[in-house]
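Engineer: Here it is, the structure, as structure tokens.
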Amino acid sequence: MTDIPVKKVMIDTDPGVDDAIAILMALRFSSFQVLGLTTVGGNVPLARGTRNALALLEYAGRTEIPVSRGSALPIRGQYGYSFPVHGASGLTRRLPNPSSRPIDQRAVDFLAGELGKQPGEILLIALGPLTNLANLLTRYPGSLEQASGLVVMGGAVDVPGNVTGHAEFNFYSDPEAAKMVLSSGVPLTLIDLAASRQVAIDRQAARELKPRNNLGGLAAQLLNNWFRRDPGRQRFFFHDPLAMAAAFDSTIVNTQNVQVAVETADPVRLGESRISGRPGLVGVVRQVDQDGFFRLFDDLMSPDQGAIQGHG
Ligand code: BDR
Ligand code: CA
């Protein structure tokens with residue numbers, strides 16, 4: 001087998017069922033070195049999301065990975081949370097209370113420290129509202145530029161949203177932060193809803209999953225319990241897992257480099273994202289290689305020796 005270089009990654013997250021599946025995928029990718037998780041309010045309050053991050057790592061036997069708490073509030077107002085989708089705990093399976101604790105250093109300081117220690121080496125993957133990244137831009141100018149790359153799940157670029165007709169959840173939760181990051185001049189790949197709606201699993205397919213390792217087992221339970229909680233649910237969209245998969249293998253997405261504007265003023269269109277110019281530094285995903293994504297998802301289910309390396 002050829003040696004594939006290790007990719008150092010940090011994951012900013014608000015777990016969340018699909019965040020959890022994305023994190024489990026990251027832990028399975030043998031070429032990923034996960035340097036830390038930073039948490040942010042979003043799907044659930046910050047304390048709950050932090051607890052979920054710690055519980056996931058403990059379940060996976062990966063408590064050496066530090067978890068750092070980020071922002072409990074968006075730049076303006078409060079997060080709306082997403083209990084109807086992710087459940088009151090944020091996860092659809094109860095995990096034991098973690099015995100590990102978050103590190104003392106807060107997310108923005110932790111991110112700045114790690115990026116500064118290894119400039120050009122760390123790929124940042126943002127799966128929640130962009131508050132922590134916006135605060136990094138404000139508090140540590142030049143720091144975000146030190147990432148080797150940035151992959152963001154968020155937005156519904158020129159397509160209908162999932163919170164309002166206009167806005168996607170992560171951007172709606174902190175539109176100011178989304179605007180700051182997308183207009184910062186830092187190049188990024190944007191997995192928006194038009195992209196993540198291309199990868200879904202239905203109830204029957206979830207039932208037929210045959211996980212052969214404990215991380216895959218947890219992902220399958222999270223999915224099946226999510227379907228069980230509401231008989232009306234037909235499809236689970238892999239929003240955050242697609243961002244993780246694209247971070248692992250950039251060849252599974254085709255992007256178009258554009259400028260993206262985020263609405264922060266009009267209350268009706270709050271959080272809306274639209275193309276405002278071409279070219280630009282935001283690589284909006286236009287096409288997804290669905291088979292490529294599902295190959296990576298299936299690897300999450302495969303026996304332990306199947307842990308996979310990456311490229312792209
Ligand atoms: C995004 O919002 C959250 O509910 C999901 O975790 C994902 O990050 C999808 O709109
Ligand atoms: Ca998320």
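Chain labels follow the order of the structure tokens: the first chain is A, the next B, and so on; residue numbering restarts at 1 in every chain, and ligands are counted from 1 in their shown order.
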Please extract the residues at most 6 Å from ligand 1, counting only C-alpha atoms and all ligand atoms, and provide them as a PyMOL selection string, using the chain letters and residue numbers of this document.
Structural biologist: chain A and resi 16+18-19+43+127-128+153+168-170+239-240
Engineer: Identify, counting only C-alpha atoms and all ligand atoms, the protein, DNA and RNA residues located within 12 Å of ligand 2, and give them as a count of residues only.
Structural biologist: 52
Engineer: I need the residue nearest Val9 in chain A from this list: A:Glu272, A:Leu35, A:Arg139, A:Phe83. Use only C-alpha atoms for the distance.
Structural biologist: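 Among A:Glu272, A:Leu35, A:Arg139, A:Phe83, it is A:Leu35 that comes nearest to Val9 in chain A.
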Engineer: Please provide as a ChimeraX atom specification all residues within 12 Å of Leu111 in chain A, with the sequence filter that same-chain residues fewer than 5 positions apart are discarded (counting only C-alpha atoms).
Structural biologist: /A:9-12,35-39,66-70,105-106,116-119,122-125,132-137,139-140,143-147
Engineer: Of the candidates A:Arg278, A:Arg295, A:Arg203, A:Arg28, which one gets nearest to Arg229 in chain A if we count only C-alpha atoms?
Structural biologist: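 Of all the options, A:Arg203 lies closest to Arg229 in chain A.
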Engineer: Tell me which of A:Ile252, A:Ala156, A:Met301, A:Val199 sits closest to Gln221 in chain A, counting only C-alpha atoms.
Structural biologist: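 Between A:Ile252, A:Ala156, A:Met301, A:Val199, the residue approaching Gln221 in chain A most closely is A:Met301.
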Engineer: Write out as a list of chain:residue names all residues of range 237-280 of chain A that DSSP puts in strand (DSSP E or B) for this structure's backbone.
Structural biologist: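 Strand (DSSP E or B) members of range 237-280 of chain A, listed: A:Phe237, A:Val253, A:Asn254, A:Thr255, A:Gln256, A:Asn257, A:Val258, A:Gln259, A:Val260, A:Ala261, A:Val262, A:Glu272, A:Ser273, A:Arg274, A:Ile275, A:Ser276, A:Gly277, A:Arg278, A:Pro279, A:Gly280.
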Engineer: Skip Ile201 in chain A itself and residues of its chain fewer than 2 positions away, then list as a ChimeraX atom specification all residues within 12 Å of it, counting only C-alpha atoms.
Structural biologist: /A:18,196-199,203-209,220,223-224,226-227,233-239,241,290,293-294,297-298
Engineer: Report as number ranges by chain: the residues of range 134-250 of chain A with a DSSP assignment of helix (DSSP H, G or I), based on the backbone of this structure.
Structural biologist: A: 134-139, 144-146, 169-173, 175-182, 193-196, 203-207, 214-228, 239-248, 250
Engineer: Please list as an mmCIF file with N, CA, C and O atoms, in the first residue's frame every residue within 10 Å of range 63-65 of chain A, counting only C-alpha atoms and excluding residues in the same chain fewer than 5 positions away.
Structural biologist:
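Once written, selection-v7.cif looks like this:
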```cif
data_model
loop_
_atom_site.group_PDB
_atom_site.id
_atom_site.type_symbol
_atom_site.label_atom_id
_atom_site.label_comp_id
_atom_site.auth_asym_id
_atom_site.auth_seq_id
_atom_site.Cartn_x
_atom_site.Cartn_y
_atom_site.Cartn_z
ATOM 1 N N GLN A 33 -5.118 12.995 11.278
ATOM 2 C CA GLN A 33 -4.689 13.155 12.661
ATOM 3 C C GLN A 33 -5.558 14.265 13.241
ATOM 4 O O GLN A 33 -5.391 15.437 12.873
ATOM 5 N N VAL A 34 -6.492 13.894 14.096
ATOM 6 C CA VAL A 34 -7.424 14.886 14.640
ATOM 7 C C VAL A 34 -6.744 15.565 15.833
ATOM 8 O O VAL A 34 -6.507 14.953 16.871
ATOM 9 N N LEU A 35 -6.434 16.852 15.657
ATOM 10 C CA LEU A 35 -5.684 17.572 16.703
ATOM 11 C C LEU A 35 -6.600 18.120 17.784
ATOM 12 O O LEU A 35 -6.133 18.491 18.861
ATOM 13 N N GLY A 36 -7.882 18.207 17.471
ATOM 14 C CA GLY A 36 -8.793 18.716 18.495
ATOM 15 C C GLY A 36 -10.171 18.972 17.938
ATOM 16 O O GLY A 36 -10.353 19.116 16.722
ATOM 17 N N LEU A 37 -11.132 18.992 18.863
ATOM 18 C CA LEU A 37 -12.481 19.417 18.522
ATOM 19 C C LEU A 37 -12.734 20.722 19.264
ATOM 20 O O LEU A 37 -12.392 20.845 20.446
ATOM 21 N N LEU A 54 -17.229 15.147 23.995
ATOM 22 C CA LEU A 54 -16.411 14.353 24.931
ATOM 23 C C LEU A 54 -16.910 12.912 24.990
ATOM 24 O O LEU A 54 -16.117 11.958 25.000
ATOM 25 N N ALA A 55 -18.243 12.745 25.023
ATOM 26 C CA ALA A 55 -18.821 11.395 25.120
ATOM 27 C C ALA A 55 -18.493 10.567 23.866
ATOM 28 O O ALA A 55 -18.209 9.373 23.960
ATOM 29 N N LEU A 56 -18.522 11.222 22.710
ATOM 30 C CA LEU A 56 -18.189 10.513 21.461
ATOM 31 C C LEU A 56 -16.739 10.040 21.483
ATOM 32 O O LEU A 56 -16.431 8.904 21.113
ATOM 33 N N LEU A 57 -15.843 10.935 21.901
ATOM 34 C CA LEU A 57 -14.423 10.569 21.927
ATOM 35 C C LEU A 57 -14.175 9.456 22.946
ATOM 36 O O LEU A 57 -13.359 8.555 22.717
ATOM 37 N N GLU A 58 -14.894 9.523 24.051
ATOM 38 C CA GLU A 58 -14.720 8.484 25.068
ATOM 39 C C GLU A 58 -15.231 7.140 24.541
ATOM 40 O O GLU A 58 -14.592 6.104 24.714
ATOM 41 N N PRO A 98 -19.386 11.482 30.060
ATOM 42 C CA PRO A 98 -17.929 11.346 29.903
ATOM 43 C C PRO A 98 -17.204 11.632 31.209
ATOM 44 O O PRO A 98 -17.639 12.470 32.004
ATOM 45 N N SER A 99 -16.089 10.929 31.410
ATOM 46 C CA SER A 99 -15.291 11.238 32.599
ATOM 47 C C SER A 99 -14.234 12.286 32.255
ATOM 48 O O SER A 99 -13.660 12.908 33.139
ATOM 49 N N SER A 100 -14.000 12.487 30.960
ATOM 50 C CA SER A 100 -13.007 13.494 30.563
ATOM 51 C C SER A 100 -13.637 14.886 30.569
ATOM 52 O O SER A 100 -14.862 15.031 30.557
ATOM 53 N N ARG A 101 -12.777 15.884 30.561
ATOM 54 C CA ARG A 101 -13.226 17.276 30.657
ATOM 55 C C ARG A 101 -12.666 18.064 29.470
ATOM 56 O O ARG A 101 -11.645 17.709 28.911
ATOM 57 N N PRO A 102 -13.356 19.148 29.114
ATOM 58 C CA PRO A 102 -12.747 20.012 28.092
ATOM 59 C C PRO A 102 -11.473 20.651 28.642
ATOM 60 O O PRO A 102 -11.330 20.794 29.856
#
```
Engineer: From the list A:Pro84, A:Pro231, A:Gly149, A:Pro175, which residue is nearest Val262 in chain A when using only C-alpha atoms?
Structural biologist: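 Of A:Pro84, A:Pro231, A:Gly149, A:Pro175, the one nearest Val262 in chain A is A:Pro175, counting only C-alpha atoms.
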Engineer: At a cut-off of 9 Å, using only C-alpha atoms, what residues contact Arg286 in chain A? Leave out same-chain residues fewer than 2 positions from it and give the result as a list in words.
Structural biologist: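 Here the qualifying residues turn out to be Ile191, Ala194, Ala195, Val253, Asn254, Thr255, Gln256, Gly283, Val284 and Val288 of chain A.
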Engineer: What is the distance between CA of Leu46 in chain A and CA of Ala261 in chain A, in Å to one decimal?
Structural biologist: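 Distance reported for this atom pair: 27.0 Å.
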Engineer: Need to verify the contact set: Asp304 in chain A, 9 Å, only C-alpha atoms, exclusion of same-chain residues closer than 5 positions in sequence. Can you return it as a list in words?
Structural biologist: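 Non-adjacent residues within range: Arg28, Arg212, Asn213 and Asn214 of chain A.
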Engineer: Which residue, A:Gly271, A:Gly161, A:Leu193, A:Asn52, has the smallest gap to Thr92 in chain A when you use only C-alpha atoms?
Structural biologist: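 Answer, going by the shortest atom-to-atom distance: A:Asn52.
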Engineer: Using only C-alpha atoms, find the one residue out of A:Ser302, A:Thr138, A:Thr264, A:Gln259 that sits nearest to Asp109 in chain A.
Structural biologist: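 Ranking A:Ser302, A:Thr138, A:Thr264, A:Gln259 by distance to Asp109 in chain A, first place goes to A:Thr138.
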